[in-house]
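Asks: This structure is in structure tokens; I'll ask about it shortly.
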Amino acid sequence: MAAAAHVSIENTAQDDDSLARERDVQGANPDDTIIVYGRAVQQIGVAKSGSQGTIGYADFENLPISRAGELVENVPGVIATQHSGTGKANQYFLRGFNLDHGTDFAGFVDGVPINMPTHGHGQGYLDFNFIIPETVERIDFRKGPYFADVGDYSAAGTIAFKTYDTLEPFAQATLGMFGYYRATAAGSSPLASGNLLVAIDGTFSNGPWLLDENLEKYNGLIKFSTGTPGDGFSVQLNGYHARWDSTDQIPERAVQSGLIDRFGFIDDDVEGKTTRVGLVANGAFGGLKLNAFATYYDLTLTSNFTYFLDDAVNGDEFQQVDRRAILGGTASQRWEMASMPLPVVLTVGGSVRYDRINRVGLFRSAEARPIATVRSDKVDELAAGLFVEAEVKPTDRLRVYLGLRGDYLGYDVDAGLAANAGSGSDVLLAPKAGIAWRAADGVELYANYGESFHTNDVRGATISVDPVSGLPADRVPLFARAKGTEIGGRIERDTFNLALVGFYLDLESELVFVGDAGATEPNDATRRYGVEANAFWRPVPWLALDAAYAYTHARFRGVPTGLRRIPGSVAEVISGGVTASPVAGLDITLRVRHFGRAPLIEDGSVASDPTTLINLAAYYTFGSIRIGAELFNIFDAQDADITYFYESQLPSETVSVADRHFHPVEPRQVRILARWSF
């Protein structure tokens with residue numbers, strides 16, 4: 001991936017004021033082209049915690065990525081994997097969480113919340129496939145439940161993408177092995193009193209799988225913006241559609257016996273298709289920030305994880321459906337009270353979101369067509385939140401934060417089975433507090449406490465009868481509270497910065513993957529503690545190095561000794577890279593990512609294997625032409641992208657077998673690209 005130079009100097013996930021201030025300091029015109037590494041931007045005096053940060057486009061413009069969802073791996077300690085087709089949301093790992101497709105990991109794009117509550121595939125489903133990577137200006141990230149402006153899904157972390165307002169026009173074509181083709185064109189032009197940006201993107205791929213993926217993926221963005229980051233507005237229309245044939249995780253025994261290849265399949269009818277259309281408006285008027293959005297979303301996903309375990313005739317194939325419309329928005333007002341005895345910055349804000357879920361269901365299927373209804377519902381879900389946060393500065397070197405957030409969730413479930421219908425609501429209050437102390441020039445220390453939550457699927461709050469077994473079913477609460485603390489610090493020098501943190505997090509209920517259901521379900525309370533370190537160093541202008549390490553100890557609470565391991569909780573994550581520009585026009589990047597073993601069952605007797613991938617890319621620019629070559633998995637590692645442990649039954653088997661099921665990383669492959677800027 002490669003793009004034109006840019007400005008990226010934001011420091012907080014929701015506030016554009018620092019971008020305007022930095023431009024003023026540099027005396028730069030907002031339209032000037034300035035290359036700024038986001039990881040080298042000063043966080044001291046701005047960040048509220050040691051694990052908060054910003055990634056500018058210069059940090060990843062030369063980063064080889066195989067799919068859009070891997071953009072999140074720019075956040076230190078985050079891993080994005082895939083166990084199915086490219087068009088499906090990635091699986092995320094952070095701070096010892098297997099975040100399924102987004103639970104406890106809040107995602108935003110241009111202020112729009114992307115997680116899907118009461119989703120057909122999994123609670124908090126987080127699909128970033130609609131992003132065109134070249135249009136991303138920066139990524140702001142925060143870890144832990146310490147921030148009052150974010151509510152649902154934010155216990156482990158929050159990531160916010162900001163797209164460009166202006167972009168140098170370009171057209172790019174990428175060709176790769178395994179039938180990979182991608183074409184992208186984007187650019188902006190003055191229009192009326194502002195700028196109009198248009199971007200289109202198409203991707204086609206078969207992948208390395210014996211069953212061709214037949215991926216067709218289309219993305220588009222139209223965005224009009226005017227004014228400045230601190231005083232202006234933008235309106236955008238974005239769209240995304242994809243269809244694909246999947247090769248899901250496969251049983252290890254089938255590969256070891258020679259029944260199928262490592263890139264083989266069991267069910268050739270597994271597939272998916274999805275559509276997303278969004279209308280977004282953002283405005284900044286001094287201390288007032290406004291956001292409004294409307295989204296149409298549709299997903300149909302066909303899977304088969306257990307093969308013939310439950311149905312020896314038709315097989316265990318099932319189809320999940322989700323179709324909804326979403327309306328919502330946020331507003332916040334910031335006041336700087338310099339006349340107070342101590343300088344105070346007060347921020348008050350709120351958010352509202354209404355999901356009209358016209359159809360959310362689970363169906364038994366054969367040949368990717370429904371043959372029986374397990375559950376089919378309609379749901380109305382309304383979420384609203386209010387927050388207040390005060391920043392007090394007792395001295396020039398000390399900042400104290402106090403915040404309180406209140407969230408409301410109301411729902412009405414129109415269930416296909418009348419016994420499972422119902423309505424209700426609940427509220428949750430979450431306090432926040434933090435201290436940032438600049439102990440010396442270039443050194444700042446932090447201490448944070450906060451509470452947050454994830455919501456459960458609201459159908460779990462009304463259920464009375466299990467739709468599969470017909471037996472009575474237990475209901476679950478709407479909210480699962482999280483409580484966390486963190487201490488940390490950072491060192492910043494002209495060409496070097498280092499951040500170190502230690503954290504502790506309790507969660508009332510863990511969502512874990514259930515193989516035979518193809519979904520997640522609430523489980524016992526958990527406790528995590530760990531350490532993280534990340535560093536960025538630019539020893540000379542043409543060389544940038546970065547590294548990150550994260551370790552997490554994760555266990556269930558309140559369960560018998562010996563059954564406390566959390567399935568899928570990766571303990572260790574390591575990433576790093578080198579970007580060099582040894583001669584004018586040439587950029588070379590080497591990246592490594594590693595995630596360690598994870599228990600797959602509660603007693604820890606079965607675990608996944610560690611995975612290590614190394615990618616290499618080189619790009620050369622001459623005039624308006626840029627060419628590049630990207631080499632993925634340069635040592636052709638035969639590791640797993642993700643691993644599960646559960647029972648399944650192959651067509652030739654008469655009884656079920658408990659086995660590891662894995663989705664392999666893609667083999668070594670090359671992609672080449674050519675770009676014309678005009």
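The chains in the structure tokens are called A, B, ... from first to last as shown; in each chain the residues are counted from 1, and the ligands are counted from 1 in the order shown.
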With range 263-274 of chain A as the partner and 12 Å as the cut-off, tabulate the residues of range 97-149 of chain A that qualify, each row holding the nearest pair of atoms and their distance in Å to one decimal, using only C-alpha atoms, sorted by chain and rising number, as a tab-separated table.

Replies:
residue	atom	partner	partner_atom	distance
A:His121	CA	A:Gly272	CA	11.6
A:Asp127	CA	A:Thr274	CA	10.3
A:Asn129	CA	A:Thr274	CA	10.1
A:Phe130	CA	A:Thr274	CA	10.2

Asks: Using only C-alpha atoms, which protein or nucleic acid residues come within 12 Å of Gly287 in chain A? Drop anything in the same chain fewer than 4 positions from it, and give the result as JSON, numbers by chain.

Replies: {"A": [15, 16, 17, 229, 230, 231, 232, 283, 331, 332, 333, 334, 335, 336, 345, 346, 347, 348, 349]}

Asks: Of the candidates A:Phe105, A:Phe479, A:Phe161, A:Phe363, which one gets nearest to Tyr92 in chain A if we count only C-alpha atoms?

Replies: A:Phe105

Asks: Looking at only C-alpha atoms, which of A:Asp322, A:Asp298, A:Glu486, A:Glu492 is the one that sits closest to Gly530 in chain A?

Replies: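 So, comparing all the options, the nearest one is A:Glu486.
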
Asks: Choose the residue, out of A:Glu137, A:Asp659, A:Glu451, A:Glu444, that has the smallest atom-to-atom separation from Leu600 in chain A; count only C-alpha atoms.

Replies: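 Using only C-alpha atoms, the shortest distance to Leu600 in chain A belongs to A:Asp659.
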
Asks: Pick out each residue of range 137-362 of chain A that DSSP on the backbone tags as strand (DSSP E); I need them as a ChimeraX atom specification.

Replies: /A:137-143,157-163,170-176,180-191,194-205,215-228,231-245,250-251,271-285,288-303,318-337,344-362

Asks: Residues at most 8 Å from range 668-677 of chain A, counting only C-alpha atoms, excluding those fewer than 3 positions away in the same chain, as a list in words?

Replies: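 Neighbouring residues, sequence-local ones excluded: Glu168, Pro169, Phe170, Ala171, Gln172, Ala173, Thr174, Leu175, Gly176, Met177, Ser624, Ile625, Arg626, Ile627, Gly628, Ala629, Glu630, Leu631, Phe632, Asn633, Ile634, Phe635, Asp636 and Ala637 of chain A.
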
Asks: Pick out the residues sitting within 6 Å of Gly422 in chain A, and hand them over as a PyMOL selection string; count only C-alpha atoms, and ignore anything fewer than 5 positions along from it in its own chain.

Replies: chain A and resi 412-413+462

Asks: Kindly save the residues from that selection, with N, CA, C and O atoms included, as a tab-separated table (two decimals), in the first residue's frame.

Replies:
chain	number	residue	atom	x	y	z
A	412	ASP	N	-36.94	-3.63	22.17
A	412	ASP	CA	-38.22	-4.31	21.93
A	412	ASP	C	-37.93	-5.45	20.96
A	412	ASP	O	-37.54	-5.20	19.81
A	413	VAL	N	-38.10	-6.68	21.42
A	413	VAL	CA	-37.80	-7.86	20.62
A	413	VAL	C	-39.10	-8.49	20.15
A	413	VAL	O	-39.94	-8.92	20.96
A	462	THR	N	-34.57	-11.40	26.79
A	462	THR	CA	-35.99	-11.75	26.70
A	462	THR	C	-36.21	-13.25	26.51
A	462	THR	O	-37.35	-13.72	26.57
